[in-house]
$ cat model13.cif   # mmCIF, C-alpha atoms
data_input
#
loop_
_atom_site.label_atom_id
_atom_site.label_comp_id
_atom_site.auth_asym_id
_atom_site.auth_seq_id
_atom_site.Cartn_x
_atom_site.Cartn_y
_atom_site.Cartn_z
CA ASP A 1 0.00 0.00 0.00
CA VAL A 2 1.55 3.25 -1.17
CA GLY A 3 0.36 6.40 0.55
CA GLY A 4 1.45 9.99 0.80
CA GLY A 5 3.70 9.53 3.81
CA SER A 6 4.58 5.86 3.81
CA THR A 7 4.59 2.54 2.04
CA GLU A 8 3.44 -0.58 3.83
CA ILE A 9 4.70 -4.01 2.85
CA ASN A 10 2.90 -7.06 4.24
CA LEU A 11 4.30 -10.49 3.53
CA ILE A 12 1.75 -13.29 3.51
CA SER A 13 2.82 -16.88 2.89
CA ASN A 14 0.44 -19.84 2.93
CA GLY A 15 -2.31 -17.60 4.31
CA GLU A 16 -0.21 -16.43 7.26
CA LEU A 17 1.13 -12.92 7.87
CA LYS A 18 4.89 -13.42 8.10
CA ASN A 19 6.02 -9.81 8.23
CA SER A 20 4.56 -6.31 8.16
CA ARG A 21 6.62 -3.17 7.87
CA SER A 22 6.04 0.49 7.15
CA TYR A 23 8.65 2.64 5.41
CA ASN A 24 8.74 6.44 5.45
CA ILE A 25 8.65 6.42 1.66
CA GLY A 26 5.46 7.99 0.38
CA THR A 27 4.43 10.04 -2.63
CA VAL A 28 4.28 13.40 -0.84
CA ARG A 29 7.56 12.73 0.95
CA MET A 30 9.17 11.92 -2.41
CA LEU A 31 7.80 15.08 -4.03
CA SER A 32 9.16 17.20 -1.19
CA GLY A 33 12.55 15.46 -1.11
CA MET A 34 11.98 14.16 2.42
CA VAL A 35 12.81 10.47 1.86
CA LYS A 36 16.07 9.49 3.54
CA GLU A 37 18.51 7.28 1.66
CA GLU A 38 18.70 4.95 4.68
CA GLU A 39 14.96 4.33 4.39
CA LYS A 40 15.26 3.52 0.68
CA GLU A 41 18.12 1.14 1.44
CA ALA A 42 16.12 -0.59 4.20
CA LEU A 43 13.25 -1.17 1.76
CA ARG A 44 15.59 -2.53 -0.92
CA THR A 45 17.34 -4.85 1.53
CA ASP A 46 14.04 -6.19 2.86
CA LEU A 47 12.64 -6.72 -0.65
CA ILE A 48 15.74 -8.61 -1.77
CA SER A 49 15.46 -10.80 1.33
CA ILE A 50 11.78 -11.48 0.61
CA ALA A 51 12.54 -12.35 -3.02
CA THR A 52 15.31 -14.72 -1.98
CA GLU A 53 13.28 -16.55 0.67
CA TYR A 54 9.80 -16.55 -0.90
CA ALA A 55 10.30 -16.62 -4.68
CA PRO A 56 8.19 -16.45 -6.73
CA VAL A 57 6.57 -13.38 -5.18
CA SER A 58 3.19 -12.00 -6.20
CA ILE A 59 2.34 -8.39 -5.41
CA ILE A 60 -1.10 -7.11 -4.50
CA GLY A 61 -1.20 -3.33 -4.77
CA SER A 62 -3.65 -1.16 -2.90
CA GLY A 63 -4.55 2.48 -2.83
CA GLY A 64 -5.95 5.05 -5.19
CA ASN A 65 -2.77 5.48 -7.21
CA ILE A 66 -2.37 1.85 -8.28
CA ASN A 67 -6.07 1.70 -9.12
CA LYS A 68 -5.73 4.78 -11.34
CA LEU A 69 -2.54 3.45 -12.96
CA PHE A 70 -4.36 0.17 -13.62
CA ARG A 71 -7.24 2.02 -15.31
CA LEU A 72 -4.80 4.12 -17.37
CA ALA A 73 -3.14 0.91 -18.57
CA ASP A 74 -6.61 -0.19 -19.73
CA LYS A 75 -6.13 -3.76 -18.59
CA LYS A 76 -9.21 -5.98 -18.33
CA ALA A 77 -7.88 -8.68 -15.98
CA SER A 78 -6.91 -7.81 -12.43
CA LEU A 79 -3.18 -8.07 -13.22
CA LEU A 80 -1.18 -5.00 -14.17
CA PRO A 81 1.94 -6.18 -15.99
CA VAL A 82 5.08 -4.40 -14.79
CA GLU A 83 5.92 -3.46 -18.38
CA SER A 84 2.53 -1.74 -18.77
CA LEU A 85 3.11 0.12 -15.51
CA ARG A 86 6.55 1.18 -16.75
CA GLU A 87 5.05 2.49 -20.02
CA ILE A 88 2.44 4.55 -18.15
CA TYR A 89 5.08 5.82 -15.74
CA LEU A 90 7.36 6.96 -18.57
CA ALA A 91 4.45 8.70 -20.33
CA LEU A 92 3.34 10.51 -17.14
CA GLN A 93 6.82 11.36 -15.89
CA VAL A 94 7.67 13.72 -18.75
CA LEU A 95 4.48 15.77 -18.39
CA PRO A 96 3.85 18.61 -15.98
CA ALA A 97 0.93 18.03 -13.59
CA GLU A 98 -1.34 20.40 -15.55
CA GLN A 99 -0.82 18.37 -18.71
CA ARG A 100 -1.43 15.10 -16.85
CA ILE A 101 -4.77 16.52 -15.69
CA LYS A 102 -5.81 17.42 -19.22
CA GLN A 103 -4.40 14.46 -21.14
CA TYR A 104 -5.25 11.68 -18.66
CA LYS A 105 -8.23 13.32 -16.93
CA LEU A 106 -6.54 13.12 -13.53
CA LYS A 107 -7.83 14.99 -10.51
CA PRO A 108 -5.43 17.73 -9.36
CA ASP A 109 -4.66 15.93 -6.10
CA ARG A 110 -3.75 12.77 -8.06
CA ALA A 111 -1.78 14.38 -10.91
CA ASP A 112 1.30 15.15 -8.83
CA VAL A 113 1.48 12.02 -6.64
CA ILE A 114 0.83 9.41 -9.32
CA VAL A 115 4.39 9.55 -10.71
CA PRO A 116 6.19 8.87 -7.41
CA ALA A 117 3.58 6.18 -6.64
CA ALA A 118 4.41 4.45 -9.92
CA GLU A 119 8.12 4.71 -9.05
CA ILE A 120 7.53 3.00 -5.70
CA PHE A 121 5.45 0.19 -7.22
CA LEU A 122 8.06 -0.30 -9.96
CA GLU A 123 10.86 -0.46 -7.41
CA VAL A 124 9.03 -3.04 -5.29
CA ALA A 125 8.23 -5.14 -8.37
CA THR A 126 11.82 -4.94 -9.58
CA TYR A 127 13.40 -6.02 -6.29
CA VAL A 128 11.03 -8.96 -5.73
CA LYS A 129 11.27 -9.88 -9.43
CA ALA A 130 7.50 -9.74 -9.97
CA THR A 131 6.16 -9.56 -13.51
CA GLY A 132 2.87 -7.97 -12.53
CA ILE A 133 0.83 -6.39 -9.77
CA ILE A 134 -2.55 -7.75 -8.80
CA VAL A 135 -4.96 -4.83 -8.44
CA PRO A 136 -8.18 -5.60 -6.58
CA THR A 137 -11.22 -4.57 -8.60
CA ILE A 138 -13.33 -3.81 -5.54
CA GLY A 139 -12.84 -1.30 -2.75
CA LEU A 140 -11.85 -2.12 0.80
CA SER A 141 -15.34 -1.84 2.29
CA ASP A 142 -16.83 -3.98 -0.51
CA GLY A 143 -14.10 -6.56 0.06
CA ILE A 144 -14.80 -6.69 3.80
CA ILE A 145 -18.52 -7.10 3.17
CA ASP A 146 -17.86 -9.84 0.61
CA SER A 147 -15.50 -11.63 3.01
CA LEU A 148 -17.95 -11.43 5.91
CA TYR A 149 -20.79 -12.64 3.72
CA THR A 150 -18.69 -15.53 2.45
CA GLN A 151 -17.63 -16.53 5.99
CA ASN A 152 -21.13 -16.34 7.42
CA MET A 153 -23.02 -17.88 4.52
CA ASN A 154 -20.42 -20.54 3.68
CA VAL A 155 -20.63 -19.74 -0.03
CA PRO A 156 -17.96 -19.11 -2.65
CA PRO A 157 -16.75 -15.47 -2.95
CA VAL A 158 -18.59 -13.22 -5.37
CA SER A 159 -16.76 -12.36 -8.60
CA HIS A 160 -16.50 -8.58 -9.15
CA ASN A 161 -15.92 -7.03 -12.54
CA SER A 162 -16.17 -3.34 -11.77
CA THR A 163 -15.17 -0.85 -9.12
CA SER A 164 -18.54 0.86 -9.02
CA PRO A 165 -21.31 -0.22 -6.67
CA SER A 166 -24.38 -1.76 -8.25
#

$ encode --input "model13.cif" --output "structure tokens"
Amino acid sequence: DVGGGSTEINLISNGELKNSRSYNIGTVRMLSGMVKEEEKEALRTDLISIATEYAPVSIIGSGGNINKLFRLADKKASLLPVESLREIYLALQVLPAEQRIKQYKLKPDRADVIVPAAEIFLEVATYVKATGIIVPTIGLSDGIIDSLYTQNMNVPPVSHNSTSPS
């Protein structure tokens, strides 16, 4: 989960949370030059360790930025290939925020943070050697409701094809 102030990495293996760590590497911090090199190095070291011990690694991205990047890549399945993310990143990176708003119909509060968010997701994917990022197609509250319903009704999970409520 990439946010404005931090990035959270949760490692789940065989359904069990093995590790959870927050790094002071967020989109707003990156834009303001407030990310310390030691923090970047700690993230890299941890990701390399994860990749070594748990390969192959699948990434599930969360947050508004990865959802927007996924929609910009115009992918139909819930997997955003790293190469598609890199293409979007390179296209967005060269544009000023005002142009991103016009060309990609981004909200002003998304236009500036989406580039550093893409950088963070690309870095994570690179260090764990992932080829794609799974992007949930439902929101957090919908996912919780679906999970609770599934647990309490003992039925298979509902398949969701859109992010909008019905």

$ residues_near_point --input "model13.cif" --point "(17.0, -6.7, -2.3)" --cutoff "12 Å" --atoms "all atoms listed in the file" --output "count of residues only"
21

$ resolve_selection --input "model13.cif" --expression "the PyMOL selection byres ((chain A and resi 13) around 12)" --output "number ranges by chain"
A: 10-12, 14-20, 50, 53-59

$ resolve_selection --input "model13.cif" --expression "the PyMOL selection byres ((chain A and resi 80) around 7)" --output "ChimeraX atom specification"
/A:70,75,78-79,81-82,84-85,132-135

$ atom_distance --input "model13.cif" --atom1 "atom CA of A:Gln103" --atom2 "atom CA of A:Leu72"
11.0 Å

$ atom_distance --input "model13.cif" --atom1 "atom CA of A:Gly61" --atom2 "atom CA of A:Met153"
27.8 Å

$ atom_distance --input "model13.cif" --atom1 "atom CA of A:Tyr89" --atom2 "atom CA of A:Pro116"
8.9 Å

$ closest_residue --input "model13.cif" --among "A:Gly4, A:Pro96, A:Gly143, A:Pro136" --to "A:Leu31" --atoms "all atoms listed in the file"
A:Gly4

$ residues_around --input "model13.cif" --residues "A:Val2" --least-positions-apart "3" --cutoff "9 Å" --atoms "all atoms listed in the file" --output "list in words"
Gly5, Ser6, Thr7, Glu8, Ile9, Ile25, Gly26, Thr27, Gly61, Ser62, Gly63, Gly64, Asn65, Ile66, Ala117, Ile120 and Phe121 of chain A

$ axis_aligned_box --input "model13.cif" --around "stretch 139-148 of chain A" --padding-each-side "3 Å" --output "AutoDock Vina command-line options"
--center_x -15.2 --center_y -6.5 --center_z 1.6 --size_x 12.7 --size_y 16.3 --size_z 14.7

$ resolve_selection --input "model13.cif" --expression "the PyMOL selection byres ((chain A and resi 106-108) around 12)" --output "PyMOL selection string"
chain A and resi 64-65+68-69+71-72+92+96-105+109-115
